[in-house]
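Student: Below you will find the structure I want to go over with you.
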Amino acid sequence: MGYLEKVKRFLGIQNYSDYVKDYFYHSNIIASIYVCSVVLILEIWMILSTLFTQMNKRTTSWLIIHLACYFALFLSALLLLVYAYLHHKKVVKNRKGWEFLRLTFCTVSMAFGIYISYMDYLKGEQFITLMTMTIFVFCFIVWRPIFSICFLTFSYGIFFVLCNYSNPASYATKVNLTIVLISILLSAINAFRQKIKEAQKEEKLEHAHNILLKLAISDEVTGIANINYFRGQALEIMQKKETNISNLVFLFLDVENFKILNQKYGFIEGNMFLKKFADVLNQVFYGDLIAHFSNDNFVILAKDLKIKDKILDLCKKLQDFNYDIKLGLKVGAYKPESKDCLPFVACDHARFACNSIKKHYSKTYCEYDKTMSNNFQKKQYILNNFDKAIENEYIKVYYQPIVNAKTGKICSLEALARWDDPFYGFLSPADFIETLEEYYQIHRLDMYVVEQVCRNISNAKKIGKKILPISLNFSRLDFGSLNLAEEVEACLNKYEINKQEIHIEITESTLSENDEKLKTELKQFRNAGYALWLDDFGSGYSGLNVLKEYEFDVMKIDMKFLSNFEGNQKARQILKNIITLANELGMKTLTEGVETQEAYNFLKQNDCELLQGYLFSKPLPLSDLQAKLDDGTFLIE
């Protein structure tokens, strides 16, 4: 810090933040109230004392002059007190008016102190009044040092000149006056320095508090509200008496292809996009409650006015973003039926509506309806009762035979989860598997199936039954939730199951060229001696490039190729070429969904080694499967 800056700091003429200025302002407002209150009491006492004790002892001119002084000081203190109180209560906000009255009170007080002390000095008394008024004005009410120095020096200078002119001051008087001036001046400067430190400390605490508050209520990426704050504010809005619930709508927004944007441009650019998109939301839904839900999802509590027009406007603005990726928008809406609806439930409904149109290219907006309500309730039921279903074994393992195309005999089985619920009956696998995947619980189901299969194999061995290899299906999410190879290995070791008795099935749609963790896990399975099967080949969009990135023992051809098989020559040609391709890559082929003899004959003639479908058997519970094996209905190869 330079010399000039130190001087400016000492004199209090440096620039201060608005917070510090406001701190001084409010502090002096309170101080003014206290000082003026004391001064008013003193002046009332002095006026009454003068009227009742000095009336017959003093001259008329003395009484008039002193009463005038008392009243002048009383009036200036009263005006400042009233104005300071009104400022404190925020009734008035004119700071210049208050500053003028404060300066007026200061001037009147010092003039009063000079006059009264001058009169006392002429009588040989001390200048107590001047000291008292100086302390009131410059120690309790804090001024910048430059003002205190100038005003006090000027005031005491006038007082000294007057006194010395009327009666030359003694050495002791000069020393006393100087000491008083220096003492009060130092006290005033010290009061200022203490107040500055308090203000700056308070400013830092306020700043830290604001940061913590912002973190508590806002999202650090977008700057708008976070979901917790949104839920609290939404609940307050809905509970207000004047709120008409029928005029509100919850919106859930999903930005399509944001993940591609993140992959191509990086997370920093992705976060910048989210910030810009949040700004656009604030423009389009101005005045509505908006929050960042997660990733590329946002929620809005809006007035149900021209919602579709606003969404159309939002889609247009989204297209103006300068990216070579086509960004889209899906919006789900839910209109609460009563004030009792909780915001997190409303957001879930809107999200459910949004998810229902994710695969519909032409649809942007969808409102939650009765059908969705039933589906949503089923989904919630699945999540809430999943643990109970496992504990009570409502979820069972069914087995669907896989046959050798040349012999027609069973050579292996596929393990499939089936949920026989006491309330819903048989739940569709599409329902509960999709729900468990959405809420990242699918790994628990898959490991439950692994456990049941291992237990069934172990029990069959104990009673001398012939063991067929069993293929197990795994979700892509399993690889992110578990060290899957280690978990499967541990389960097989627990039941002493041979690895040749288990096949690992991975759906084509879960694969991608750059998923290193998945590659590592599959390599770990292969190195451990498991057979790897590629499930549902042709159902996804991974492309043939996936075949060069991964090594599989068996390719399972998706059953969709057999849809309208009899009258579709293209399907026959495609199947024939896929089988040839797989054989050339060293993979066996298994075609799913075989339901007719014609399809069986065609696949057999074209060297598809394995077949599966209702022509041979639907998935069966273990007891039914064992019964058919025992009575010879099913022949084992």
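Chain labels run A, B, ... following the order of the structure tokens; each chain numbers its residues from 1, and ligands are numbered from 1 in the order shown.
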For Arg444 in chain A, find every residue with an atom within 10 Å (counting only C-alpha atoms), except residues of its own chain fewer than 6 positions away, and show them as a CSV table (one decimal) with C-alpha atoms, in the first residue's frame.

Tutor:
chain,number,residue,atom,x,y,z
A,386,PHE,CA,-39.7,-55.0,-5.5
A,387,ASP,CA,-38.1,-55.9,-2.2
A,390,ILE,CA,-37.8,-60.9,-4.0
A,436,LEU,CA,-36.1,-51.1,-12.6
A,450,VAL,CA,-28.1,-65.5,-11.0
A,478,ASP,CA,-25.3,-53.8,-14.4
A,481,SER,CA,-23.5,-50.7,-10.8
A,482,LEU,CA,-21.4,-53.7,-10.1

Student: Residues near Arg526 in chain A, anyone? I mean within 10 Å using only C-alpha atoms, not counting same-chain ones fewer than 5 positions away, as a PyMOL selection string.

Tutor: chain A and resi 485+504+520-521+531-532+551-553

Student: Go ahead and write the residues just picked, all heavy atoms, as a PDB file, in the first residue's frame.

Tutor:
ATOM      1  N   ALA A 485     -18.366 -59.192 -13.322  1.00  0.00           N
ATOM      2  CA  ALA A 485     -17.641 -60.456 -13.466  1.00  0.00           C
ATOM      3  C   ALA A 485     -17.299 -61.045 -12.098  1.00  0.00           C
ATOM      4  O   ALA A 485     -17.431 -62.260 -11.883  1.00  0.00           O
ATOM      5  CB  ALA A 485     -16.376 -60.244 -14.288  1.00  0.00           C
ATOM      6  N   ILE A 504     -23.171 -66.041 -20.737  1.00  0.00           N
ATOM      7  CA  ILE A 504     -23.423 -64.630 -20.442  1.00  0.00           C
ATOM      8  C   ILE A 504     -24.008 -63.956 -21.680  1.00  0.00           C
ATOM      9  O   ILE A 504     -23.356 -63.902 -22.737  1.00  0.00           O
ATOM     10  CB  ILE A 504     -22.114 -63.910 -20.025  1.00  0.00           C
ATOM     11  CG1 ILE A 504     -21.441 -64.657 -18.857  1.00  0.00           C
ATOM     12  CG2 ILE A 504     -22.385 -62.450 -19.679  1.00  0.00           C
ATOM     13  CD1 ILE A 504     -22.249 -64.708 -17.598  1.00  0.00           C
ATOM     14  N   THR A 520     -13.754 -54.140 -20.839  1.00  0.00           N
ATOM     15  CA  THR A 520     -12.914 -54.756 -19.812  1.00  0.00           C
ATOM     16  C   THR A 520     -13.647 -55.869 -19.077  1.00  0.00           C
ATOM     17  O   THR A 520     -13.100 -56.952 -18.830  1.00  0.00           O
ATOM     18  CB  THR A 520     -12.439 -53.688 -18.807  1.00  0.00           C
ATOM     19  OG1 THR A 520     -11.707 -52.671 -19.509  1.00  0.00           O
ATOM     20  CG2 THR A 520     -11.552 -54.294 -17.734  1.00  0.00           C
ATOM     21  N   GLU A 521     -14.922 -55.611 -18.723  1.00  0.00           N
ATOM     22  CA  GLU A 521     -15.715 -56.609 -17.999  1.00  0.00           C
ATOM     23  C   GLU A 521     -15.958 -57.846 -18.863  1.00  0.00           C
ATOM     24  O   GLU A 521     -15.847 -58.982 -18.387  1.00  0.00           O
ATOM     25  CB  GLU A 521     -17.057 -56.000 -17.576  1.00  0.00           C
ATOM     26  CG  GLU A 521     -16.948 -54.989 -16.449  1.00  0.00           C
ATOM     27  CD  GLU A 521     -17.021 -55.638 -15.077  1.00  0.00           C
ATOM     28  OE1 GLU A 521     -17.189 -56.864 -15.004  1.00  0.00           O
ATOM     29  OE2 GLU A 521     -16.891 -54.903 -14.089  1.00  0.00           O
ATOM     30  N   ALA A 531     -18.810 -68.468 -21.796  1.00  0.00           N
ATOM     31  CA  ALA A 531     -19.227 -68.235 -23.183  1.00  0.00           C
ATOM     32  C   ALA A 531     -20.029 -66.940 -23.235  1.00  0.00           C
ATOM     33  O   ALA A 531     -20.884 -66.699 -22.375  1.00  0.00           O
ATOM     34  CB  ALA A 531     -20.071 -69.401 -23.682  1.00  0.00           C
ATOM     35  N   LEU A 532     -19.761 -66.107 -24.230  1.00  0.00           N
ATOM     36  CA  LEU A 532     -20.453 -64.825 -24.391  1.00  0.00           C
ATOM     37  C   LEU A 532     -21.417 -64.900 -25.563  1.00  0.00           C
ATOM     38  O   LEU A 532     -21.020 -65.285 -26.673  1.00  0.00           O
ATOM     39  CB  LEU A 532     -19.437 -63.696 -24.612  1.00  0.00           C
ATOM     40  CG  LEU A 532     -18.446 -63.415 -23.479  1.00  0.00           C
ATOM     41  CD1 LEU A 532     -17.538 -62.247 -23.844  1.00  0.00           C
ATOM     42  CD2 LEU A 532     -19.187 -63.109 -22.190  1.00  0.00           C
ATOM     43  N   GLU A 551     -15.826 -59.872 -28.964  1.00  0.00           N
ATOM     44  CA  GLU A 551     -15.771 -61.288 -29.347  1.00  0.00           C
ATOM     45  C   GLU A 551     -16.916 -62.035 -28.678  1.00  0.00           C
ATOM     46  O   GLU A 551     -17.042 -62.013 -27.456  1.00  0.00           O
ATOM     47  CB  GLU A 551     -14.437 -61.910 -28.925  1.00  0.00           C
ATOM     48  CG  GLU A 551     -13.243 -61.382 -29.711  1.00  0.00           C
ATOM     49  CD  GLU A 551     -11.965 -62.124 -29.346  1.00  0.00           C
ATOM     50  OE1 GLU A 551     -12.057 -63.317 -28.983  1.00  0.00           O
ATOM     51  OE2 GLU A 551     -10.899 -61.507 -29.399  1.00  0.00           O
ATOM     52  N   PHE A 552     -17.748 -62.668 -29.515  1.00  0.00           N
ATOM     53  CA  PHE A 552     -18.874 -63.434 -28.994  1.00  0.00           C
ATOM     54  C   PHE A 552     -18.819 -64.861 -29.548  1.00  0.00           C
ATOM     55  O   PHE A 552     -18.336 -65.099 -30.660  1.00  0.00           O
ATOM     56  CB  PHE A 552     -20.197 -62.778 -29.373  1.00  0.00           C
ATOM     57  CG  PHE A 552     -20.462 -61.490 -28.637  1.00  0.00           C
ATOM     58  CD1 PHE A 552     -20.171 -60.266 -29.226  1.00  0.00           C
ATOM     59  CD2 PHE A 552     -20.970 -61.513 -27.350  1.00  0.00           C
ATOM     60  CE1 PHE A 552     -20.409 -59.082 -28.546  1.00  0.00           C
ATOM     61  CE2 PHE A 552     -21.199 -60.333 -26.657  1.00  0.00           C
ATOM     62  CZ  PHE A 552     -20.917 -59.118 -27.266  1.00  0.00           C
ATOM     63  N   ASP A 553     -19.374 -65.800 -28.773  1.00  0.00           N
ATOM     64  CA  ASP A 553     -19.432 -67.196 -29.195  1.00  0.00           C
ATOM     65  C   ASP A 553     -20.711 -67.486 -29.965  1.00  0.00           C
ATOM     66  O   ASP A 553     -20.712 -68.312 -30.882  1.00  0.00           O
ATOM     67  CB  ASP A 553     -19.353 -68.111 -27.963  1.00  0.00           C
ATOM     68  CG  ASP A 553     -18.060 -67.898 -27.201  1.00  0.00           C
ATOM     69  OD1 ASP A 553     -17.011 -68.325 -27.696  1.00  0.00           O
ATOM     70  OD2 ASP A 553     -18.106 -67.274 -26.117  1.00  0.00           O
TER      71      ASP A 553
END

Student: Restricting the calculation to only C-alpha atoms, which member of A:Lys628, A:Pro168, A:Thr591, A:Asp340 is positioned closest to Tyr121 in chain A?

Tutor: A:Pro168

Student: Residues of range 15-182 of chain A in alpha helix (DSSP H) according to DSSP, as a ChimeraX atom specification?

Tutor: /A:18-53,60-88,95-122,128-135,145-166,171-182

Student: Could you check which of A:Ile442, A:Ile300, A:Ile325, A:Ile217 is closest to Pro429 in chain A, using only C-alpha atoms?

Tutor: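 Checking each candidate against Pro429 in chain A, we get A:Ile442 as the closest.
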
Student: Interatomic distance between CA of Glu486 in chain A and CA of Arg455 in chain A?

Tutor: 17.8 Å

Student: Please report the interatomic distance between CA of Glu198 in chain A and CA of Ser27 in chain A in Å with one decimal.

Tutor: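 CA of Glu198 in chain A sits 10.6 Å away from CA of Ser27 in chain A.
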
Student: Find the residues near range 42-54 of chain A: any atom within 10 Å, counting only C-alpha atoms, skip ones fewer than 4 places away on the same chain, and give them as a list in words.

Tutor: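 So, after excluding close chain neighbours, the residues are Cys36, Ser37, Val38, Arg58, Thr59, Trp62, Leu63, His66, Leu67, Ala68, Cys69, Tyr70, Phe71, Ala72, Leu73, Phe74, Leu75 and Ala77 of chain A.
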
Student: Give me a file of those residues, with N, CA, C and O atoms, as an mmCIF file, in the first residue's frame.

Tutor:
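Below is the file part-v7.cif, written as the result:
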data_model
loop_
_atom_site.group_PDB
_atom_site.id
_atom_site.type_symbol
_atom_site.label_atom_id
_atom_site.label_comp_id
_atom_site.auth_asym_id
_atom_site.auth_seq_id
_atom_site.Cartn_x
_atom_site.Cartn_y
_atom_site.Cartn_z
ATOM 1 N N CYS A 36 -30.060 11.669 20.346
ATOM 2 C CA CYS A 36 -31.117 12.689 20.350
ATOM 3 C C CYS A 36 -32.077 12.487 21.520
ATOM 4 O O CYS A 36 -32.582 13.459 22.096
ATOM 5 N N SER A 37 -32.335 11.227 21.854
ATOM 6 C CA SER A 37 -33.215 10.947 22.995
ATOM 7 C C SER A 37 -32.608 11.499 24.282
ATOM 8 O O SER A 37 -33.294 12.133 25.107
ATOM 9 N N VAL A 38 -31.295 11.271 24.459
ATOM 10 C CA VAL A 38 -30.602 11.778 25.651
ATOM 11 C C VAL A 38 -30.597 13.307 25.654
ATOM 12 O O VAL A 38 -30.863 13.953 26.695
ATOM 13 N N ARG A 58 -32.040 35.555 37.398
ATOM 14 C CA ARG A 58 -31.357 36.002 36.185
ATOM 15 C C ARG A 58 -32.111 37.156 35.540
ATOM 16 O O ARG A 58 -33.313 37.351 35.749
ATOM 17 N N THR A 59 -31.335 37.832 34.675
ATOM 18 C CA THR A 59 -31.960 38.943 33.940
ATOM 19 C C THR A 59 -32.830 38.371 32.833
ATOM 20 O O THR A 59 -32.673 37.205 32.419
ATOM 21 N N TRP A 62 -30.784 37.287 29.848
ATOM 22 C CA TRP A 62 -30.096 36.010 30.078
ATOM 23 C C TRP A 62 -31.054 34.846 29.886
ATOM 24 O O TRP A 62 -30.730 33.844 29.235
ATOM 25 N N LEU A 63 -32.273 35.002 30.456
ATOM 26 C CA LEU A 63 -33.278 33.942 30.329
ATOM 27 C C LEU A 63 -33.666 33.719 28.879
ATOM 28 O O LEU A 63 -33.776 32.575 28.413
ATOM 29 N N HIS A 66 -30.660 32.011 26.904
ATOM 30 C CA HIS A 66 -30.428 30.615 27.279
ATOM 31 C C HIS A 66 -31.598 29.707 26.866
ATOM 32 O O HIS A 66 -31.384 28.593 26.364
ATOM 33 N N LEU A 67 -32.823 30.215 27.077
ATOM 34 C CA LEU A 67 -33.977 29.411 26.663
ATOM 35 C C LEU A 67 -33.990 29.216 25.153
ATOM 36 O O LEU A 67 -34.351 28.147 24.640
ATOM 37 N N ALA A 68 -33.590 30.268 24.429
ATOM 38 C CA ALA A 68 -33.524 30.166 22.966
ATOM 39 C C ALA A 68 -32.506 29.097 22.559
ATOM 40 O O ALA A 68 -32.740 28.300 21.633
ATOM 41 N N CYS A 69 -31.370 29.074 23.235
ATOM 42 C CA CYS A 69 -30.344 28.054 22.957
ATOM 43 C C CYS A 69 -30.872 26.653 23.245
ATOM 44 O O CYS A 69 -30.684 25.713 22.447
ATOM 45 N N TYR A 70 -31.541 26.513 24.411
ATOM 46 C CA TYR A 70 -32.073 25.203 24.771
ATOM 47 C C TYR A 70 -33.107 24.731 23.753
ATOM 48 O O TYR A 70 -33.117 23.562 23.328
ATOM 49 N N PHE A 71 -34.001 25.663 23.382
ATOM 50 C CA PHE A 71 -35.044 25.310 22.418
ATOM 51 C C PHE A 71 -34.455 24.991 21.038
ATOM 52 O O PHE A 71 -34.945 24.095 20.336
ATOM 53 N N ALA A 72 -33.429 25.727 20.624
ATOM 54 C CA ALA A 72 -32.793 25.467 19.326
ATOM 55 C C ALA A 72 -32.196 24.063 19.303
ATOM 56 O O ALA A 72 -32.359 23.293 18.344
ATOM 57 N N LEU A 73 -31.470 23.723 20.392
ATOM 58 C CA LEU A 73 -30.878 22.385 20.473
ATOM 59 C C LEU A 73 -31.969 21.318 20.578
ATOM 60 O O LEU A 73 -31.892 20.257 19.940
ATOM 61 N N PHE A 74 -33.004 21.627 21.384
ATOM 62 C CA PHE A 74 -34.135 20.702 21.536
ATOM 63 C C PHE A 74 -34.808 20.445 20.187
ATOM 64 O O PHE A 74 -35.090 19.298 19.811
ATOM 65 N N LEU A 75 -35.040 21.487 19.415
ATOM 66 C CA LEU A 75 -35.728 21.366 18.121
ATOM 67 C C LEU A 75 -34.891 20.572 17.118
ATOM 68 O O LEU A 75 -35.413 19.691 16.424
ATOM 69 N N ALA A 77 -32.579 18.372 17.783
ATOM 70 C CA ALA A 77 -32.541 16.978 18.237
ATOM 71 C C ALA A 77 -33.856 16.268 17.948
ATOM 72 O O ALA A 77 -33.880 15.097 17.533
#

Student: Might you pull out every residue within 10 Å of Phe426 in chain A, with only C-alpha atoms counted and same-chain residues fewer than 6 positions away left off, and present them as an MDAnalysis selection string?

Tutor: chainID A and resid 394:395 418:420

Student: What does the file look like for those residues with N, CA and C atoms, as a compact mmCIF listing (two decimals), in the first residue's frame?

Tutor:
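For reference, result_0.txt as written:
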# COMPACT_ATOMS: atom_id res chain seq x y z
N TYR A 394 -42.13 -63.76 -5.24
CA TYR A 394 -43.12 -63.51 -6.28
C TYR A 394 -42.43 -63.45 -7.64
N ILE A 395 -41.17 -63.03 -7.60
CA ILE A 395 -40.37 -63.06 -8.83
C ILE A 395 -39.72 -64.44 -8.91
N ARG A 418 -39.84 -63.71 -14.19
CA ARG A 418 -41.29 -63.52 -14.29
C ARG A 418 -41.81 -63.13 -12.91
N TRP A 419 -42.71 -62.12 -12.89
CA TRP A 419 -43.23 -61.59 -11.63
C TRP A 419 -44.71 -61.94 -11.53
N ASP A 420 -45.02 -62.87 -10.66
CA ASP A 420 -46.41 -63.27 -10.40
C ASP A 420 -46.86 -62.55 -9.14

Student: Considering only C-alpha atoms, return as a list in words whatever protein or nucleic-acid residues lie within 9 Å of range 151-163 of chain A, sequence-local ones (same chain, fewer than 2 positions apart) excluded.

Tutor: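 Using only C-alpha atoms, the neighbours found are Met110, Ala111, Ile114, Tyr115, Ser117, Tyr118, Tyr121, Leu122, Leu130, Thr134, Phe138, Ile146, Phe147, Ser148, Ile149, Tyr165, Ser166, Asn167, Pro168, Ala169, Lys174, Leu177, Thr178, Leu181, Ile184 and Leu185 of chain A.
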
Student: Could you check the closest approach to Tyr23 in chain A for each of A:Thr435, A:Gln200, A:Asn493, A:Asn247 and tell me which residue wins, using only C-alpha atoms?

Tutor: A:Gln200

Student: Quick check for you: according to DSSP on this backbone, which residues of range 443-480 of chain A are classed as strand (DSSP E or B)? Reply as a list in words.

Tutor: Ile470, Ser471, Leu472, Asn473 and Phe474 of chain A

Student: If you count only C-alpha atoms, which residues fall within 8 Å of Glu414 in chain A, apart from same-chain ones fewer than 5 positions away, as a ChimeraX atom specification?

Tutor: /A:399-402,470-472

Student: Tell me which protein, DNA and RNA residues are within 8 Å of His26 in chain A, counting only C-alpha atoms, leaving out same-chain ones fewer than 4 positions away, and put them as an MDAnalysis selection string.

Tutor: chainID A and resid 22 30 88

Student: Between CA of Thr633 in chain A and CA of Ile557 in chain A, what distance in Å does the model show, to one decimal?

Tutor: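 Interatomic distance, CA of Thr633 in chain A to CA of Ile557 in chain A: 26.3 Å.
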